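What follows is the content of start-v5.txt, which has compact mmCIF, C-alpha atoms:
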# COMPACT_ATOMS: atom_id res chain seq x y z
CA GLY N 1 5.86 -57.14 -1.51
CA PRO N 2 7.35 -59.25 -4.35
CA ASP N 3 5.50 -57.13 -6.93
CA VAL N 4 7.50 -54.02 -5.98
CA ASP N 5 10.54 -53.27 -8.14
CA TYR N 6 12.37 -51.48 -5.36
CA GLU N 7 15.67 -51.42 -7.26
CA ASN N 8 14.10 -48.98 -9.73
CA ASP N 9 11.13 -47.54 -7.86
CA ALA N 10 12.52 -47.07 -4.35
CA THR N 11 16.29 -46.67 -4.73
CA HIS N 12 18.05 -43.32 -5.06
CA TYR N 13 21.66 -43.46 -6.22
CA PHE N 14 23.89 -40.74 -4.82
CA SER N 15 25.28 -38.45 -7.51
CA GLU N 16 28.77 -36.97 -7.28
CA GLY N 17 27.14 -33.57 -6.79
CA GLU N 18 25.13 -34.82 -3.82
CA ILE N 19 28.20 -36.44 -2.27
CA GLY N 20 29.98 -33.11 -2.79
CA ASP N 21 27.15 -31.28 -0.99
CA ILE N 22 27.42 -33.70 1.94
CA ASP N 23 31.19 -33.33 2.08
CA LYS N 24 30.89 -29.53 2.16
CA ALA N 25 28.28 -29.75 4.92
CA LEU N 26 30.56 -31.95 7.03
CA LYS N 27 33.48 -29.55 6.61
CA PHE N 28 31.25 -26.61 7.56
CA LEU N 29 30.03 -28.48 10.64
CA LYS N 30 33.53 -29.38 11.82
CA LYS N 31 34.75 -25.79 11.44
CA LEU N 32 32.21 -24.88 14.12
CA GLY N 33 34.03 -27.13 16.60
CA ASN N 34 33.20 -30.52 18.06
CA LEU N 35 29.45 -29.95 18.23
CA ASP N 36 27.26 -32.39 20.11
CA PHE N 37 24.58 -34.22 18.16
CA PRO N 38 21.62 -32.03 19.26
CA GLU N 39 23.56 -29.09 17.82
CA ILE N 40 23.64 -30.68 14.35
CA THR N 41 20.81 -29.02 12.42
CA PRO N 42 20.15 -27.85 8.85
CA ASP N 43 21.80 -24.57 9.89
CA THR N 44 25.03 -26.23 11.06
CA PHE N 45 24.91 -28.92 8.36
CA PRO N 46 23.89 -26.99 5.19
CA LEU N 47 23.28 -29.36 2.28
CA GLY N 48 22.80 -27.04 -0.70
CA LYS N 49 20.72 -28.51 -3.53
CA PHE N 50 20.57 -31.94 -1.88
CA ARG N 51 18.05 -30.53 0.60
CA ASP N 52 15.48 -30.31 -2.25
CA THR N 53 15.94 -34.03 -2.94
CA LEU N 54 15.37 -34.81 0.72
CA SER N 55 12.22 -32.68 0.84
CA ALA N 56 10.79 -34.66 -2.09
CA CYS N 57 11.80 -37.92 -0.40
CA ARG N 58 9.95 -37.00 2.78
CA GLU N 59 6.74 -36.49 0.80
CA ASP N 60 7.33 -39.73 -1.10
CA LEU N 61 7.71 -41.62 2.17
CA ARG N 62 4.31 -40.31 3.25
CA THR N 63 2.32 -40.79 0.05
CA GLY N 64 4.31 -43.29 -2.03
CA LEU N 65 5.60 -46.79 -1.29
CA GLY N 66 6.54 -45.82 2.26
CA PHE N 67 10.23 -46.74 2.00
CA LEU N 68 13.36 -45.55 0.21
CA ARG N 69 16.91 -46.80 -0.09
CA PHE N 70 19.81 -44.47 -0.84
CA ARG N 71 22.76 -46.30 -2.39
CA GLY N 72 26.33 -45.50 -3.33
CA PHE N 73 27.61 -43.36 -0.47
CA PRO N 74 31.41 -43.80 -0.17
CA VAL N 75 31.68 -44.80 3.50
CA ASN N 76 35.36 -45.68 3.16
CA ARG N 77 36.23 -42.00 2.72
CA TYR N 78 35.14 -41.13 6.26
CA SER N 79 35.69 -42.20 9.84
CA HIS N 80 32.79 -43.89 11.60
CA ASP N 81 32.42 -40.81 13.82
CA ASP N 82 32.03 -38.59 10.78
CA LEU N 83 29.61 -41.04 9.17
CA GLY N 84 27.48 -40.68 12.30
CA ARG N 85 27.54 -36.90 11.90
CA ILE N 86 26.63 -37.20 8.22
CA PHE N 87 23.77 -39.65 8.81
CA TYR N 88 22.42 -37.53 11.67
CA GLY N 89 22.78 -34.31 9.66
CA ILE N 90 20.90 -35.70 6.67
CA GLY N 91 18.21 -37.00 9.03
CA THR N 92 17.50 -33.51 10.41
CA TYR N 93 16.14 -32.54 6.97
CA LEU N 94 13.49 -35.24 7.33
CA GLY N 95 12.57 -34.89 10.99
CA THR N 96 13.70 -34.41 14.58
CA PRO N 97 15.76 -37.25 16.14
CA MET N 98 14.28 -38.79 19.29
CA PRO N 99 15.81 -40.97 22.04
CA GLN N 100 15.78 -44.70 21.38
CA SER N 101 16.19 -46.29 24.82
CA TYR N 102 16.66 -45.57 28.50
CA ARG N 103 20.24 -44.53 27.70
CA GLY N 104 18.86 -41.52 25.87
CA GLU N 105 20.89 -42.03 22.70
CA LEU N 106 19.72 -40.08 19.66
CA LEU N 107 21.83 -42.15 17.29
CA GLY N 108 21.62 -45.91 17.81
CA HIS N 109 24.27 -48.54 17.12
CA VAL N 110 22.82 -51.71 15.60
CA MET N 111 25.18 -54.61 16.27
CA ASP N 112 25.14 -57.98 17.99
CA VAL N 113 26.81 -57.24 21.34
CA SER N 114 24.85 -59.86 23.30
CA ASP N 115 28.17 -61.36 24.47
CA LEU N 116 29.05 -58.03 26.12
CA GLU N 117 25.77 -56.44 27.10
CA GLN N 118 22.82 -57.40 29.25
CA THR N 119 20.25 -56.56 26.63
CA ASP N 120 16.57 -57.08 25.99
CA ARG N 121 16.54 -54.92 22.88
CA GLY N 122 16.67 -56.58 19.46
CA TYR N 123 19.03 -54.08 17.87
CA HIS N 124 21.82 -55.23 20.20
CA ARG N 125 21.25 -58.91 19.48
CA GLY N 126 21.99 -61.00 16.40
CA GLY N 127 19.82 -63.32 14.34
CA THR N 128 16.34 -62.73 13.04
CA LEU N 129 13.88 -60.12 14.25
CA SER N 130 10.10 -60.39 14.26
CA MET N 131 8.05 -57.96 12.19
CA HIS N 132 7.46 -54.67 13.99
CA THR N 133 7.49 -50.89 13.76
CA ASP N 134 9.73 -48.52 15.69
CA ALA N 135 8.83 -45.21 17.33
CA GLY N 136 8.51 -41.91 15.49
CA GLY N 137 7.37 -41.15 11.98
CA ILE N 138 10.50 -42.32 10.15
CA ALA N 139 12.92 -45.13 11.05
CA ALA N 140 16.30 -44.86 9.31
CA LEU N 141 19.35 -47.12 9.04
CA MET N 142 22.82 -46.56 7.57
CA CYS N 143 25.01 -49.58 6.86
CA LEU N 144 28.65 -49.09 7.86
CA ARG N 145 29.61 -52.76 7.71
CA ALA N 146 27.61 -55.53 6.07
CA SER N 147 27.34 -59.09 7.40
CA ALA N 148 29.27 -61.95 5.84
CA ASN N 149 25.93 -63.17 4.46
CA GLY N 150 22.26 -62.75 5.25
CA GLY N 151 20.92 -59.87 7.31
CA LYS N 152 18.47 -58.61 4.70
CA SER N 153 15.84 -56.06 5.61
CA ARG N 154 12.35 -57.58 5.33
CA LEU N 155 9.47 -55.16 4.72
CA ALA N 156 5.68 -55.48 4.55
CA SER N 157 2.92 -52.95 3.90
CA THR N 158 0.64 -52.50 6.90
CA ALA N 159 -2.14 -51.31 4.58
CA ALA N 160 -1.93 -54.55 2.57
CA LEU N 161 -2.03 -56.60 5.78
CA HIS N 162 -4.96 -54.56 7.07
CA ASN N 163 -6.95 -55.11 3.88
CA GLU N 164 -6.26 -58.84 3.80
CA LEU N 165 -7.39 -59.23 7.41
CA LEU N 166 -10.46 -57.16 6.62
CA LYS N 167 -11.42 -59.78 4.02
CA THR N 168 -10.64 -62.84 6.13
CA ARG N 169 -10.94 -61.83 9.82
CA PRO N 170 -12.80 -58.52 10.21
CA ASP N 171 -13.33 -59.32 13.90
CA LEU N 172 -9.56 -59.17 14.43
CA VAL N 173 -9.29 -55.89 12.54
CA GLU N 174 -11.75 -54.42 15.02
CA VAL N 175 -9.54 -55.63 17.89
CA LEU N 176 -6.48 -54.05 16.29
CA TYR N 177 -8.27 -50.70 16.01
CA GLU N 178 -9.28 -50.93 19.67
CA GLY N 179 -5.72 -51.85 20.66
CA PHE N 180 -4.51 -53.44 23.85
CA LEU N 181 -2.47 -52.86 26.99
CA GLN N 182 1.25 -52.96 26.35
CA ARG N 183 4.15 -53.76 28.68
CA SER N 184 7.53 -52.27 27.81
CA THR N 185 10.94 -53.59 28.86
CA GLU N 186 11.91 -53.41 32.52
CA LYS N 187 14.92 -51.15 32.00
CA ASP N 188 13.06 -48.70 29.78
CA ALA N 189 10.48 -48.34 32.54
CA GLU N 190 13.00 -48.31 35.40
CA TYR N 191 14.91 -45.43 33.88
CA GLY N 192 11.75 -43.73 32.62
CA ASP N 193 8.68 -42.85 34.64
CA GLY N 194 8.72 -46.23 36.42
CA GLN N 195 5.58 -47.53 34.69
CA ASN N 196 6.00 -50.26 32.11
CA LEU N 197 2.30 -51.10 31.65
CA THR N 198 0.22 -48.59 29.71
CA ASN N 199 -2.84 -47.11 31.42
CA ASP N 200 -4.95 -47.44 28.31
CA ARG N 201 -5.24 -49.63 25.26
CA ILE N 202 -2.86 -48.54 22.52
CA PRO N 203 -4.32 -49.01 19.01
CA VAL N 204 -2.41 -50.88 16.32
CA PHE N 205 -4.42 -49.46 13.41
CA THR N 206 -5.59 -45.84 13.38
CA LEU N 207 -7.08 -43.24 11.05
CA SER N 208 -6.30 -39.54 11.47
CA ASN N 209 -8.31 -37.29 9.14
CA GLY N 210 -8.64 -40.26 6.81
CA GLU N 211 -4.90 -41.07 6.81
CA PHE N 212 -4.14 -44.66 7.81
CA ALA N 213 -1.31 -45.61 10.15
CA CYS N 214 -0.08 -48.62 12.11
CA ARG N 215 2.13 -48.97 15.18
CA TYR N 216 2.94 -52.56 16.06
CA ILE N 217 5.26 -54.26 18.53
CA GLY N 218 3.73 -57.68 19.18
CA GLY N 219 6.19 -58.41 21.97
CA PHE N 220 4.66 -55.66 24.13
CA LEU N 221 1.31 -57.49 24.13
CA ARG N 222 2.92 -60.89 24.66
CA ARG N 223 4.86 -59.48 27.62
CA ALA N 224 1.60 -58.17 29.11
CA ILE N 225 -0.04 -61.59 28.71
CA GLU N 226 2.92 -63.35 30.37
CA ALA N 227 2.75 -60.88 33.29
CA GLY N 228 -0.97 -61.52 33.74
CA ASP N 229 -2.04 -58.02 32.66
CA VAL N 230 -4.11 -59.57 29.88
CA PRO N 231 -5.27 -62.76 31.65
CA SER N 232 -6.29 -64.92 28.72
CA GLY N 233 -5.13 -63.17 25.57
CA GLY N 234 -8.28 -64.19 23.73
CA LEU N 235 -9.00 -62.24 20.56
CA GLU N 236 -6.12 -59.86 21.31
CA LEU N 237 -3.57 -62.65 21.11
CA ALA N 238 -5.33 -64.09 18.05
CA ALA N 239 -5.08 -60.70 16.35
CA VAL N 240 -1.35 -60.43 17.05
CA ASP N 241 -0.75 -63.99 15.85
CA ALA N 242 -2.73 -63.33 12.67
CA LEU N 243 -0.83 -60.13 11.89
CA ASP N 244 2.53 -61.82 12.57
CA ASN N 245 1.70 -64.81 10.38
CA LEU N 246 0.32 -62.71 7.55
CA ALA N 247 3.39 -60.47 7.47
CA LEU N 248 5.61 -63.54 7.02
CA ARG N 249 3.74 -64.90 4.02
CA PRO N 250 5.95 -64.54 0.91
CA GLU N 251 3.22 -62.79 -1.07
CA PHE N 252 3.28 -59.89 1.41
CA TYR N 253 6.93 -59.18 2.17
CA LEU N 254 10.00 -58.20 0.21
CA ASP N 255 13.63 -58.69 1.22
CA MET N 256 16.03 -55.81 0.62
CA SER N 257 19.81 -56.25 0.69
CA PHE N 258 22.09 -53.95 2.68
CA LYS N 259 25.42 -52.90 1.25
CA GLU N 260 27.96 -50.70 2.97
CA GLY N 261 26.94 -47.10 2.38
CA ASP N 262 23.24 -47.87 1.99
CA ILE N 263 20.77 -45.67 3.85
CA GLN N 264 17.21 -46.91 4.32
CA TYR N 265 14.25 -44.75 5.31
CA LEU N 266 10.92 -46.30 6.35
CA ASN N 267 7.60 -44.62 7.01
CA ASN N 268 7.05 -46.09 10.45
CA ASN N 269 3.29 -45.65 10.06
CA LEU N 270 3.03 -47.74 6.90
CA ILE N 271 5.80 -50.34 6.91
CA LEU N 272 6.54 -53.31 9.16
CA HIS N 273 10.17 -54.35 9.13
CA SER N 274 12.33 -57.18 10.36
CA ARG N 275 15.73 -58.73 9.71
CA THR N 276 16.62 -62.11 8.27
CA ASP N 277 19.21 -64.32 9.93
CA TYR N 278 22.87 -63.62 9.18
CA ARG N 279 26.42 -64.79 9.82
CA ASP N 280 28.61 -62.39 11.75
CA GLY N 281 32.31 -61.99 12.47
CA ARG N 282 33.64 -62.77 15.94
CA LYS N 283 35.69 -59.61 16.43
CA LEU N 284 33.88 -56.33 17.06
CA ASP N 285 35.42 -54.74 13.98
CA GLU N 286 34.12 -57.61 11.82
CA ARG N 287 30.49 -57.55 12.95
CA ARG N 288 27.52 -56.24 11.00
CA TYR N 289 27.21 -52.59 12.00
CA LEU N 290 24.46 -50.10 11.24
CA LEU N 291 23.50 -46.70 12.63
CA ARG N 292 19.86 -45.94 13.43
CA LEU N 293 17.68 -42.84 13.72
CA TRP N 294 14.09 -42.41 14.85
CA LEU N 295 12.60 -39.20 13.49
CA VAL N 296 9.51 -37.23 14.48
CA VAL N 297 8.27 -35.57 11.27
CA PRO N 298 6.73 -32.09 11.46
CA GLY N 299 3.54 -31.80 9.45
CA TRP N 300 2.68 -35.49 9.52
CA PRO N 301 -0.65 -36.23 11.24
CA GLU N 302 -0.67 -37.20 14.89
CA HIS N 303 -2.16 -40.58 15.72
CA ALA N 304 -3.63 -42.09 18.85
CA PHE N 305 -0.45 -44.05 19.62
CA ASP N 306 2.00 -41.15 19.21
CA ASP N 307 2.13 -39.80 22.75
CA HIS N 308 1.92 -42.90 24.96
CA ASN N 309 5.67 -43.04 25.71
CA TRP N 310 6.69 -39.37 25.58
CA LYS N 311 6.98 -39.20 29.37
CA ASP N 312 9.68 -41.87 29.26
CA GLN N 313 11.55 -40.20 26.42
CA GLU N 314 11.64 -36.86 28.21
CA ILE N 315 13.40 -38.63 31.09
CA TRP N 316 15.63 -40.81 28.89
CA ILE N 317 17.09 -37.84 27.03
CA LYS N 318 18.50 -36.53 30.32
CA ARG N 319 20.64 -39.68 30.57
CA ARG N 320 22.45 -39.25 27.25
CA GLU N 321 26.15 -38.47 27.41
CA HIS N 322 27.83 -35.60 25.58
CA LEU N 323 28.96 -37.00 22.20
CA GLY N 324 28.11 -40.44 23.57
CA GLU N 325 26.60 -41.48 20.23
CA THR N 326 29.92 -41.35 18.37
CA SER N 327 31.18 -44.75 17.28
CA SER N 328 34.50 -44.17 19.07
CA ALA N 329 32.73 -43.54 22.40
CA TYR N 330 30.47 -46.55 21.94
CA PHE N 331 33.32 -48.90 21.08
CA ARG N 332 35.44 -47.64 24.00
CA LYS N 333 32.60 -48.63 26.31
CA LEU N 334 32.36 -52.07 24.71
CA ALA N 335 36.13 -52.55 24.91
CA ASN N 336 36.14 -51.67 28.61
CA MET N 337 33.43 -54.21 29.33
CA ARG N 338 35.30 -56.86 27.37
CA ASP N 339 38.56 -56.17 29.20
CA TYR N 340 36.94 -56.31 32.63
CA GLY N 341 34.84 -59.34 31.78
CA GLU N 342 31.62 -57.58 32.76
CA LYS N 343 28.48 -56.82 30.87
CA ILE N 344 27.06 -53.37 30.29
CA ASN N 345 24.01 -52.73 32.45

Can you turn what I pasted into structure tokens?
Amino acid sequence: GPDVDYENDATHYFSEGEIGDIDKALKFLKKLGNLDFPEITPDTFPLGKFRDTLSACREDLRTGLGFLRFRGFPVNRYSHDDLGRIFYGIGTYLGTPMPQSYRGELLGHVMDVSDLEQTDRGYHRGGTLSMHTDAGGIAALMCLRASANGGKSRLASTAALHNELLKTRPDLVEVLYEGFLQRSTEKDAEYGDGQNLTNDRIPVFTLSNGEFACRYIGGFLRRAIEAGDVPSGGLELAAVDALDNLALRPEFYLDMSFKEGDIQYLNNNLILHSRTDYRDGRKLDERRYLLRLWLVVPGWPEHAFDDHNWKDQEIWIKRREHLGETSSAYFRKLANMRDYGEKIN
């Protein structure tokens, strides 16, 4: 991690021409009416020459460092609703957005709302996050409002972790290829197919036609152990502990700052990510605020872990509300809960 010069090797600075292409695409989109998010596509959000840059970035995410940061987008020129449209529209050139929770949202809102929401999902809580991957081929974030301090994005290469474990604990690498039962959150299961324990072991490390990938959410195994699904943990728990500890060693991770207007893209198959602790504002309009996309990427190889939760997602998407992903709709819901002194279920 520390050896990577991401400021020069993994940062793309928006040019005025690219910002102009995005502005034209937004105007074109809005002339079509108030389209819902699934209707935002490369056809309704035409990006001109910038689309060639994004095509090259998608290939770089697969075969290069596995992460990219776009910097210098003028977020203050646009409303938060329009920034959501822009972020979503750009994302459709890299992949197909997928639902992120039982609410079915295609565009996630990353903010600490734990005082307003009954949540067991880390993106709606504050503080640090443990190292993990998300779902889909690409995980993307756009920073609309930075924290007062802290809140850096921490990244680690899963290939580097794999190779280090192979040298020191090859027995645990074997366990991570075999995988383990995973238990998802209660609400995701309740509003999905009703099953929160997987039928089969889900691998952490995989190879598909020689292409390495990793999918890792340590909490899903720990939840299974606590529920008695994995009675003793044994080598499975040791493997998760080893991967967690290795990813937090300074020689393996790098910390990347988030400024307002930054967009980060991660190859979800190659990069673990987390968040450092941060100080937040008390008012909603002062809190750290990012938008999130999970993208399925056509042409990328399928891996053994890719389809284990599709049944849930097919049900979740039916729960999404028309234009419910706009910032204005999301904040109206939060304001209503605050006024009535209740928490969102």

Can you list, as a compact mmCIF listing (two decimals) with C-alpha atoms, keeping the file's coordinate frame, every protein, DNA or RNA residue that comes within 9 Å of Val110 (chain N) when you count all atoms listed in the file, leaving out same-chain residues fewer than 2 positions away?
# COMPACT_ATOMS: atom_id res chain seq x y z
CA GLY N 108 21.62 -45.91 17.81
CA ASP N 112 25.14 -57.98 17.99
CA VAL N 113 26.81 -57.24 21.34
CA GLY N 122 16.67 -56.58 19.46
CA TYR N 123 19.03 -54.08 17.87
CA HIS N 124 21.82 -55.23 20.20
CA ARG N 125 21.25 -58.91 19.48
CA LEU N 141 19.35 -47.12 9.04
CA ARG N 288 27.52 -56.24 11.00
CA TYR N 289 27.21 -52.59 12.00
CA LEU N 290 24.46 -50.10 11.24
CA LEU N 291 23.50 -46.70 12.63
CA ARG N 292 19.86 -45.94 13.43

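When all atoms listed in the file are used to compute distances to Ile138 (chain N), the closest of the residues N:Asp60, N:Asp81, N:Asp200, N:Asp193 turns out to be N:Asp60.
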
Counting only C-alpha atoms, which residues of region 155-258 of chain N sit at most 9 Å from some atom of region 316-327 of chain N, and what is each one's closest atom pair with its distance in Å to one decimal, listed by chain and rising residue number, as a tab-separated table?
residue	atom	partner	partner_atom	distance
N:Asp188	CA	N:Trp316	CA	8.3
N:Tyr191	CA	N:Trp316	CA	6.8
N:Gly192	CA	N:Trp316	CA	6.1

Determine, counting all atoms listed in the file, which protein, DNA and RNA residues have an atom within 10 Å of an atom of Val240 (chain N); residues of the same chain fewer than 6 positions away are not included. Present the result as JSON, numbers by chain. {"N": [172, 175, 176, 204, 216, 217, 218, 219, 221, 222, 233, 246]}

Determine, counting all atoms listed in the file, which protein, DNA and RNA residues have an atom within 12 Å of an atom of region 29-45 of chain N; residues of the same chain fewer than 3 positions away are not included. Present the result as a ChimeraX atom specification. /N:21-26,48,50-51,54,81-82,84-99,104-107,293,317,320-326

Could you check the closest approach to Ala156 (chain N) for each of N:Ser101, N:Ser79, N:Asn268, N:Ser114 and tell me which residue wins, using only C-alpha atoms? N:Asn268

Using only C-alpha atoms, find the one residue out of N:Tyr330, N:Phe70, N:Tyr102, N:Phe180 that sits nearest to Thr11 (chain N).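 The closest residue to Thr11 (chain N) is N:Phe70.
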
So the first atom is CA of Cys143 (chain N) and the second is CA of Glu286 (chain N); what is the distance between them in Å, to one decimal place?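 CA of Glu286 (chain N) lies 13.1 Å from CA of Cys143 (chain N).
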
For a test of reading the model, state the distance in Å between CA of His12 (chain N) and CA of Leu68 (chain N), rounded to one decimal.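 Between CA of His12 (chain N) and CA of Leu68 (chain N) the gap is 7.4 Å.
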
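Checking N:Ser274, N:Glu260, N:Arg145, N:Ser157 one by one against Gly64 (chain N), counting all atoms listed in the file, you find the shortest gap at N:Ser157.
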
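Going from CA of Gly261 (chain N) to CA of Leu248 (chain N) covers 27.3 Å.
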
Distance query Phe14 (chain N) at most 8 Å, all atoms listed in the file, self and fewer than 5 positions along chain excluded, as a JSON list (two decimals) with C-alpha atoms, keeping the file's coordinate frame:
[["chain", "number", "residue", "atom", "x", "y", "z"],
["N", 19, "ILE", "CA", 28.20, -36.44, -2.27],
["N", 70, "PHE", "CA", 19.81, -44.47, -0.84],
["N", 71, "ARG", "CA", 22.76, -46.30, -2.39],
["N", 72, "GLY", "CA", 26.33, -45.50, -3.33],
["N", 73, "PHE", "CA", 27.61, -43.36, -0.47]]

Could you list, as a list in words, every residue within 9 Å of Leu270 (chain N), counting all atoms listed in the file and ignoring same-chain residues fewer than 3 positions away?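 The neighbour list is Arg62, Leu65, Gly66, Phe67, Thr133, Ala156, Ser157, Thr158, Ala159, Phe212, Ala213, Cys214, Arg215, Leu266 and Asn267 of chain N.
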